[in-house]
Structures are given as C-alpha cells and as structure tokens.
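This report refers to the structure that appears directly beneath it.
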Amino acid sequence: MRYPLTVRNLLERSRTMFAHKEIVSRMPTGVVRHTYGQYYGRVSQLAHALTDLGVGRGDRVATFAWNHHRHLEAYFAVPCMGAVLHTVNIRLPAEHIIHILNHAEDKVLLVDEDLLPAILPLRDQFKTVEQIIVMADHPLTAENVVDYETLISGRPTTFAWPEDIDEWEPAGMCYTSATTGNPKAVLYAHRAIFLHSMLLCMADTLGLSESDTVLPVVPMFHVNAWGLPFAAVWMGTKQVLPGARPHPADIAQLLQDEKVTITAGVPTVWLGLLQVLEKGDYDLSALRAIACGGSAVPRALAEAYRKKLGLPILHAYGMTEAAPLTHVARLKSHLTILPPDAQQDIYDKQGLLVPGLEMKILDQAGNEVPWDGKTFGEVVMRGPWIAAEYYKDDRSSDTFYDGWYHTGDIGIVDQEGYLKLVDRAKDVIKSGGEWISSVDLENAIMAFPGVAEAAVIACPHTVWDERPLACVVPKADAKGALHKEAILEFLRNRFPHYWVPDDAVFLDELPKTGTGKFDKKVLRGKFQGHYMAG
Ligand code: AMP
C-alpha cells in the first residue's frame, strides 16, 4: 500500500494518544486552556462550518491572526479537509494585503477581532473573498461578517476527513517579501509539512518531543511559526500561544508560569526579553532551548543569555522557501572540549545543514567554492521541503534554476561543515572591489557597551563605489553618553582598516520589516546621500 504523507496523520495522533494535553492561549480575557481532545472537536466543527460555506478541495482559506488556539484550529481544519491554509502576515502594507489575497484567490478569510480595522476598509478590493469570519471572544455585531464561535457551535465534533489526499497536494501557502514588487508565494505540499515536522523532532535539530512545552513567539503568520505548531500537535506537546501583541513581560510571565521548555523567535524578541529579565525576577529553570533565527544572532545577545540563564541560544537558519528550517548550530560531540569562547564562535554560526537537504556554495560564476572557512559564495540548496518555484510568478526562474534554490544569502562553510552567513547578496557592501560583511560589523558594534541595536549599510561613495555607514541605537540609559569615535576606534582594533565605517549615526530606533528584521532598504534610502553631500 502506498501511504501518503498528509497532515491528517499529525492531527489524529494527538486525539488518540494525547487527548488530555493542553493548548494554552493568552487571550484578551486571560489565559484560556483547551485539551487536545477538545481541540480535535473544535477543528472538526470548523471543518464542518467551512464545508457549509462552500470551501472544497484546493480552495484557499486565509488567516489574519495572532498566535492562539483558534488560529491553530484553522492550521489543521483547512489542510485536513483538503483546502489550503494561507497565513497572511498582518504587518504587510495594505497594498500587499490586497495583492496577496487576490493572487491566492482566497475564498474565506479568518480575522482576529482586533485586526478587523485593518481588513474592513480593504474589503471591496478583495476579488474572491466570499466570507469574513471574525475570531472574537464574544458574539459580534459587525456587518457582513460572521463570528467564529457562533459559526462552529453545535456542529459535530468529528469530521470524515478525506483519505484520498495526495501528498503532493498543497496544504499551505505563505508569501515572502521581494526586494522589489509584490510578495512572492510559496506553496507547501502535505508531504513537505509532514517531513518538516518530523525534522523539528530530531534530536540534532530542535528535538521537539511530547515532554516539551513549546512557546512559539515567532508569529503563526511567519512561515507557519517555523512549523512548530504542526510538529507540536503531532507529538502531543503542550503549546503556549502568546496571543495579540505580546509584550516581553508577557512572554517572561508565560515562560515561567507554564514551565516552558523550548521557545522560538527572532533576535529582536530576545533583545526585548533580556531587558525584562534584567529587571525582574523570573524562574525560567524549565527552559532548555531558546531557538533564534530569521536574522543573525548577535554574539553579545547569546553571551548575555548564557550569563543570565546558563543557556546558549540555539541559532537556526531558514527561509519561507524552505518551510523554513535548513540549518541549526549544534555543537558536534568532539567540539565540546573547546573552551567556551571557541564554542561560542560555533554557536554564532548559522550551523549545520539539517538531515534531508543538500547544499552548495557557489561563486559569482556559479562554480562551487571549497568548504575552507574563508571563501564566500551564495548558498544554494535543494531537498524535500524546499520549494521548486514561486506560485504563479514569473520571477521564479531568477531564484530556482539548475535544479537548486538560490537563497541570495552569502556564506562561508568551514571544514566541519558549519555555515556562517556573511550577508544578504543585496546587503553586502562593495567597497573598491572588495566585499565587506555588514553582519560582522553589526555584531561587533552590538557588543559595544551602551549599544542596543546596530545596522551597517552601504552608502554610495564617489571614490570607493560604496562605503559602510553604522546606524546605531543607544540603550535608553546610554543616550548622549555614546560617542561615535569610540565605536569606530573599537572597530579599528578588530577589522581590516577598509572595513571600518567612515561614519556612524545615532538613531532612536531601527526600521524593521514585517518579520522583525532590520529594514536596511529604508536605511539605505534615508542615508543614500550621506557620503556624497559636499
Ligand atoms: P524569511 O523567508 O522571511 O524567513 O527570510 C529568510 C531570510 O532571512 C534568509 O534568506 C536569510 O537572509 C535571513 N535569515 C534567516 N535566518 C537567519 C539567520 N539565522 N542568520 C542570518 N540570516 C537569517
């Protein structure tokens, strides 16, 4: 018998074996708890409701929501009934939201009540959306929308999930921002989600298991919260979902109260949490891993966590096109004898390629470069959960060619196989024909006392083409006390002279993208004349 790898298998396991385990959501009314048994019933009720609304095989159902149990119900009801879950990033500008809902041809849209004001004014421009369902905690009176609880209540708590779903059928889709133009869509087949979920449970990756309690701070609208909700349901792992606009203090409270063992998010989240942990007294002794990815982990951050909690940050790398996990920085057994600083050098890297994938590093001519710890090149990959194309997008062939996915990330691999990213191809600074890694400079600056955040960008320069500019955000208590000359001198002692930025500017905050990364495009625009004027 050929057994397809579909999402239904993940759902059934938590019902049959872990019906008493909990899903905890931080909601406006307080913390709400459901067991996996209740969860299964609600997932089935949602599937009945969506069926009655005319959602069928292959139809797209969009979500516009924070991390909570209702969003998690859609995560399984939609793919298990054969439809496609489209998680929309709530931080996108209105024109991108309109574009992607129309491009995906979403039939139904599930929206959080507090996010409704961002959606209703756009409604007339959604060409295919037939129904908006509001995920509210109380009955709703808004016009032309139905409320989730009224819609699902009283429906049967089991559903005859179709058993003929092919593993190559799409289960989900996410859009990723493009350098220019509209976001690009990636479809996830059932088999990709199945295999990627298995990956997250391997001891050499995140090692997610039934005995864990997982808190994904990473939003469920950002590459499926790195796939954690799927894997957690499969394993019967207790989940803690932090709800709308969680403040770092909310995260700290949930980590403590729910005895969370593994959490995941982008570096800015952990920067924020650190400030809370430094002020308050929280018992986070249950925590075994803080997975961090989406952008490079500043060394100072990793060291601060090691000092505060005795835990190294678990550095992970991936992208929308790869569902997303591709690398994890775990120490090989023979490297555990290294002194702490040398171990940290390894934890700082993006890590080892996960099992199942293939990777090459290519120079500008497309030739493979050696894994020698010094030669730069573009990271290209292929494997069972890596996309083969963007959905209905003629830009696909710029990224997917010769049978490989070209990441646009520039990296170095050492003799042990650890990948270190030095830049995005578009962020690398090209000065007088030499490449300068903005990431290395940023990491160094963020280790300077009094610095909260730093981004180094390329600014056009008449003589050198481009020169680096450091954009620095001082910590609240260091404002006015930080001097740019001290920072530049600090860099002069650590980098070749041509790497050192010609100037540094102080800002109140750095612009961030919808997924919490430093938005260097905005900074480059703002400072493009910095070295040209006069
Ligand atoms: P997204 O598809 O929005 O998740 O963005 C993926 C991109 O984020 C990658 O191609 C990298 O440029 C960047 N990225 C993700 N994880 C890391 C990491 N650990 N270190 C540095 N950059 C990262």
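In the structure tokens, the first chain shown is A, the next is B, and so on; residue numbers restart at 1 for each chain, and ligands run from 1 in the order shown.
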Report as a list in words all protein, DNA and RNA residues lying within 12 Å of Arg299 in chain A, evaluated on only C-alpha atoms, omitting residues in the same chain fewer than 5 positions from it. Pro267, Leu271, Ala304, Tyr305, Arg306, Pro312, Ile313, Leu314, His315, Asp341, Gln343, Gln344, Asp345, Ile346, Tyr347, Asp348, Lys349, Val439, Asp440, Leu441, Glu442, Asn443, Ala444, Ile445, Met446, Ala447 and Phe448 of chain A
Set the cut-off to 6 Å, count only C-alpha atoms and all ligand atoms, and list whatever residues fall near ligand 1 as a PDB file with C-alpha atoms, in the first residue's frame.
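Final output, pocket_39.pdb:
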ATOM      1  CA  THR A 176       7.654  36.259   1.300  1.00  0.00           C
ATOM      2  CA  GLY A 293      16.635  32.748  13.716  1.00  0.00           C
ATOM      3  CA  GLY A 294      15.224  34.946  10.991  1.00  0.00           C
ATOM      4  CA  SER A 295      18.335  37.091  11.203  1.00  0.00           C
ATOM      5  CA  ALA A 296      21.777  36.553  12.683  1.00  0.00           C
ATOM      6  CA  HIS A 315      20.852  29.510  16.371  1.00  0.00           C
ATOM      7  CA  ALA A 316      18.715  28.356  13.447  1.00  0.00           C
ATOM      8  CA  TYR A 317      18.595  29.407   9.823  1.00  0.00           C
ATOM      9  CA  GLY A 318      15.926  29.029   7.213  1.00  0.00           C
ATOM     10  CA  MET A 319      13.501  30.806   4.933  1.00  0.00           C
ATOM     11  CA  THR A 320       9.943  30.809   3.599  1.00  0.00           C
ATOM     12  CA  GLN A 350      24.049  29.526  11.215  1.00  0.00           C
ATOM     13  CA  THR A 407      18.969  31.742  -1.473  1.00  0.00           C
ATOM     14  CA  ASP A 409      22.453  34.640   1.112  1.00  0.00           C
ATOM     15  CA  ARG A 424      22.399  39.024   2.052  1.00  0.00           C
TER      16      ARG A 424
END
Give me, as a list of chain:residue names, all polymer residues having an atom no more than 8 Å from Glu22 in chain A, counting only C-alpha atoms and skipping those fewer than 2 positions away in the same chain. A:His20, A:Val24, A:Arg33, A:His34, A:Thr35, A:Tyr36, A:Thr237, A:Lys238, A:Gln239
Keeping only all heavy atoms, take the residues you just selected and write them out as an mmCIF file, in the first residue's frame.
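File produced: result_22.cif:
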data_model
loop_
_atom_site.group_PDB
_atom_site.id
_atom_site.type_symbol
_atom_site.label_atom_id
_atom_site.label_comp_id
_atom_site.auth_asym_id
_atom_site.auth_seq_id
_atom_site.Cartn_x
_atom_site.Cartn_y
_atom_site.Cartn_z
ATOM 1 N N HIS A 20 -5.524 14.547 26.674
ATOM 2 C CA HIS A 20 -5.564 15.348 27.913
ATOM 3 C C HIS A 20 -4.532 16.475 27.906
ATOM 4 O O HIS A 20 -4.571 17.344 28.771
ATOM 5 C CB HIS A 20 -5.280 14.432 29.110
ATOM 6 C CG HIS A 20 -3.914 13.823 29.046
ATOM 7 N ND1 HIS A 20 -3.596 12.805 28.166
ATOM 8 C CD2 HIS A 20 -2.772 14.134 29.698
ATOM 9 C CE1 HIS A 20 -2.309 12.507 28.306
ATOM 10 N NE2 HIS A 20 -1.791 13.293 29.214
ATOM 11 N N VAL A 24 -2.503 26.215 25.547
ATOM 12 C CA VAL A 24 -2.758 27.381 26.404
ATOM 13 C C VAL A 24 -2.655 28.632 25.534
ATOM 14 O O VAL A 24 -1.673 28.805 24.822
ATOM 15 C CB VAL A 24 -1.688 27.450 27.520
ATOM 16 C CG1 VAL A 24 -1.912 28.645 28.428
ATOM 17 C CG2 VAL A 24 -1.658 26.143 28.316
ATOM 18 N N ARG A 33 -7.493 27.624 28.329
ATOM 19 C CA ARG A 33 -6.899 26.295 28.156
ATOM 20 C C ARG A 33 -7.852 25.362 27.429
ATOM 21 O O ARG A 33 -9.040 25.332 27.734
ATOM 22 C CB ARG A 33 -6.567 25.674 29.519
ATOM 23 C CG ARG A 33 -5.482 26.417 30.228
ATOM 24 C CD ARG A 33 -5.287 25.969 31.667
ATOM 25 N NE ARG A 33 -4.464 26.957 32.318
ATOM 26 C CZ ARG A 33 -3.130 26.961 32.278
ATOM 27 N NH1 ARG A 33 -2.485 25.980 31.671
ATOM 28 N NH2 ARG A 33 -2.444 27.921 32.847
ATOM 29 N N HIS A 34 -7.311 24.628 26.467
ATOM 30 C CA HIS A 34 -8.063 23.560 25.801
ATOM 31 C C HIS A 34 -7.210 22.309 25.854
ATOM 32 O O HIS A 34 -5.984 22.391 25.770
ATOM 33 C CB HIS A 34 -8.327 23.907 24.330
ATOM 34 C CG HIS A 34 -9.275 25.037 24.137
ATOM 35 N ND1 HIS A 34 -8.871 26.351 24.113
ATOM 36 C CD2 HIS A 34 -10.620 25.043 23.984
ATOM 37 C CE1 HIS A 34 -9.934 27.137 23.954
ATOM 38 N NE2 HIS A 34 -11.004 26.366 23.872
ATOM 39 N N THR A 35 -7.865 21.147 25.936
ATOM 40 C CA THR A 35 -7.094 19.909 25.794
ATOM 41 C C THR A 35 -7.041 19.558 24.307
ATOM 42 O O THR A 35 -7.850 20.059 23.504
ATOM 43 C CB THR A 35 -7.767 18.754 26.546
ATOM 44 O OG1 THR A 35 -9.044 18.523 25.926
ATOM 45 C CG2 THR A 35 -7.946 19.079 28.019
ATOM 46 N N TYR A 36 -6.131 18.657 23.945
ATOM 47 C CA TYR A 36 -6.092 18.204 22.552
ATOM 48 C C TYR A 36 -7.393 17.486 22.179
ATOM 49 O O TYR A 36 -7.795 17.480 21.018
ATOM 50 C CB TYR A 36 -4.880 17.302 22.296
ATOM 51 C CG TYR A 36 -3.623 18.092 21.940
ATOM 52 C CD1 TYR A 36 -2.527 18.118 22.789
ATOM 53 C CD2 TYR A 36 -3.552 18.815 20.758
ATOM 54 C CE1 TYR A 36 -1.384 18.847 22.477
ATOM 55 C CE2 TYR A 36 -2.424 19.546 20.438
ATOM 56 C CZ TYR A 36 -1.349 19.562 21.291
ATOM 57 O OH TYR A 36 -0.234 20.291 20.971
ATOM 58 N N THR A 237 2.712 17.744 22.182
ATOM 59 C CA THR A 237 3.471 18.681 23.009
ATOM 60 C C THR A 237 2.539 19.770 23.544
ATOM 61 O O THR A 237 1.730 20.313 22.786
ATOM 62 C CB THR A 237 4.566 19.345 22.128
ATOM 63 O OG1 THR A 237 5.338 18.316 21.524
ATOM 64 C CG2 THR A 237 5.440 20.275 22.928
ATOM 65 N N LYS A 238 2.660 20.098 24.806
ATOM 66 C CA LYS A 238 1.883 21.226 25.345
ATOM 67 C C LYS A 238 2.322 22.504 24.625
ATOM 68 O O LYS A 238 3.526 22.755 24.478
ATOM 69 C CB LYS A 238 2.127 21.359 26.853
ATOM 70 C CG LYS A 238 1.430 22.566 27.468
ATOM 71 C CD LYS A 238 1.657 22.637 28.967
ATOM 72 C CE LYS A 238 1.291 24.000 29.514
ATOM 73 N NZ LYS A 238 1.614 24.160 30.932
ATOM 74 N N GLN A 239 1.333 23.291 24.170
ATOM 75 C CA GLN A 239 1.651 24.522 23.435
ATOM 76 C C GLN A 239 1.183 25.738 24.238
ATOM 77 O O GLN A 239 0.091 25.715 24.811
ATOM 78 C CB GLN A 239 0.948 24.553 22.079
ATOM 79 C CG GLN A 239 1.335 23.401 21.188
ATOM 80 C CD GLN A 239 0.879 23.602 19.746
ATOM 81 O OE1 GLN A 239 1.122 24.643 19.144
ATOM 82 N NE2 GLN A 239 0.252 22.589 19.194
#
Contacts of range 164-172 of chain A within 12 Å, only C-alpha atoms, excl. fewer than 3 positions in-chain, as an NGL selection string: :A and (2-9 or 57-63 or 74-88 or 104 or 106 or 160-161 or 175 or 185-195 or 221 or 223-224 or 227 or 230 or 320 or 323 or 384-385 or 387 or 391)
Give the answer as one residue: which of A:Glu95, A:Asp508, A:Asp204, A:Glu163 has the shortest atom-to-atom distance to Val354 in chain A, using only C-alpha atoms? A:Asp204
Give me the residues near range 518-529 of chain A as a list in words, where near means some atom within 8 Å (using only C-alpha atoms) and where sequence neighbours in that chain fewer than 3 positions away do not count.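 Here the qualifying residues turn out to be Asp427, Ala455, Ile457, Ala458, Cys459, Pro460, Leu510, Pro511, Lys512, Thr513, Met532 and Ala533 of chain A.
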Go ahead and save the residues from that selection, with C-alpha atoms, as a short mmCIF file (atom, residue, chain, number, x, y, z; two decimals), in the first residue's frame.
data_model
loop_
_atom_site.label_atom_id
_atom_site.label_comp_id
_atom_site.auth_asym_id
_atom_site.auth_seq_id
_atom_site.Cartn_x
_atom_site.Cartn_y
_atom_site.Cartn_z
CA ASP A 427 23.19 43.98 1.72
CA ALA A 455 22.76 48.05 11.36
CA ILE A 457 24.56 49.74 5.43
CA ALA A 458 26.26 50.52 2.14
CA CYS A 459 26.17 54.19 1.12
CA PRO A 460 27.17 55.31 -2.37
CA LEU A 510 15.93 50.98 13.52
CA PRO A 511 13.19 50.45 10.96
CA LYS A 512 12.01 46.81 10.98
CA THR A 513 10.36 44.70 8.33
CA MET A 532 28.01 62.26 -1.45
CA ALA A 533 26.93 65.57 0.02
#
Report as a list in words: the residues of range 329-435 of chain A with a DSSP assignment of helix (DSSP H, G or I), based on the backbone of this structure. Ser333, His334, Leu335, Pro340, Asp341, Ala342, Gln343, Gln344, Asp345, Ile346, Tyr347, Ser396, Ser397, Asp398 and Thr399 of chain A
Non-local contacts of Ala365 in chain A (12 Å; only C-alpha atoms; under 3 positions in same chain excluded) as number ranges by chain: A: 361-362, 368-369, 377-378
Tell me, in Å to one decimal, how far CA of Val269 in chain A is from CA of Pro248 in chain A.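 CA of Pro248 in chain A lies at a distance of 7.3 Å from CA of Val269 in chain A.
Interatomic distance, CA of Pro474 in chain A to CA of Asp281 in chain A: 24.5 Å.
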Give me the residues near Val233 in chain A as a count of residues only, where near means some atom within 10 Å (using only C-alpha atoms) and where sequence neighbours in that chain fewer than 3 positions away do not count. 22
d(CA of His196 in chain A, CA of Ala232 in chain A) in Å: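 The value is 11.9 Å.
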Of the listed residues A:Ile412, A:Ala178, A:Met198, A:Ile251, that which approaches Thr375 in chain A most closely, counting only C-alpha atoms: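 Ranking A:Ile412, A:Ala178, A:Met198, A:Ile251 by distance to Thr375 in chain A, first place goes to A:Ile412.
Closest approach to Ala388 in chain A among A:Val328, A:Glu434, A:Trp499, A:Ala322 is made by A:Ala322 (distances from only C-alpha atoms).
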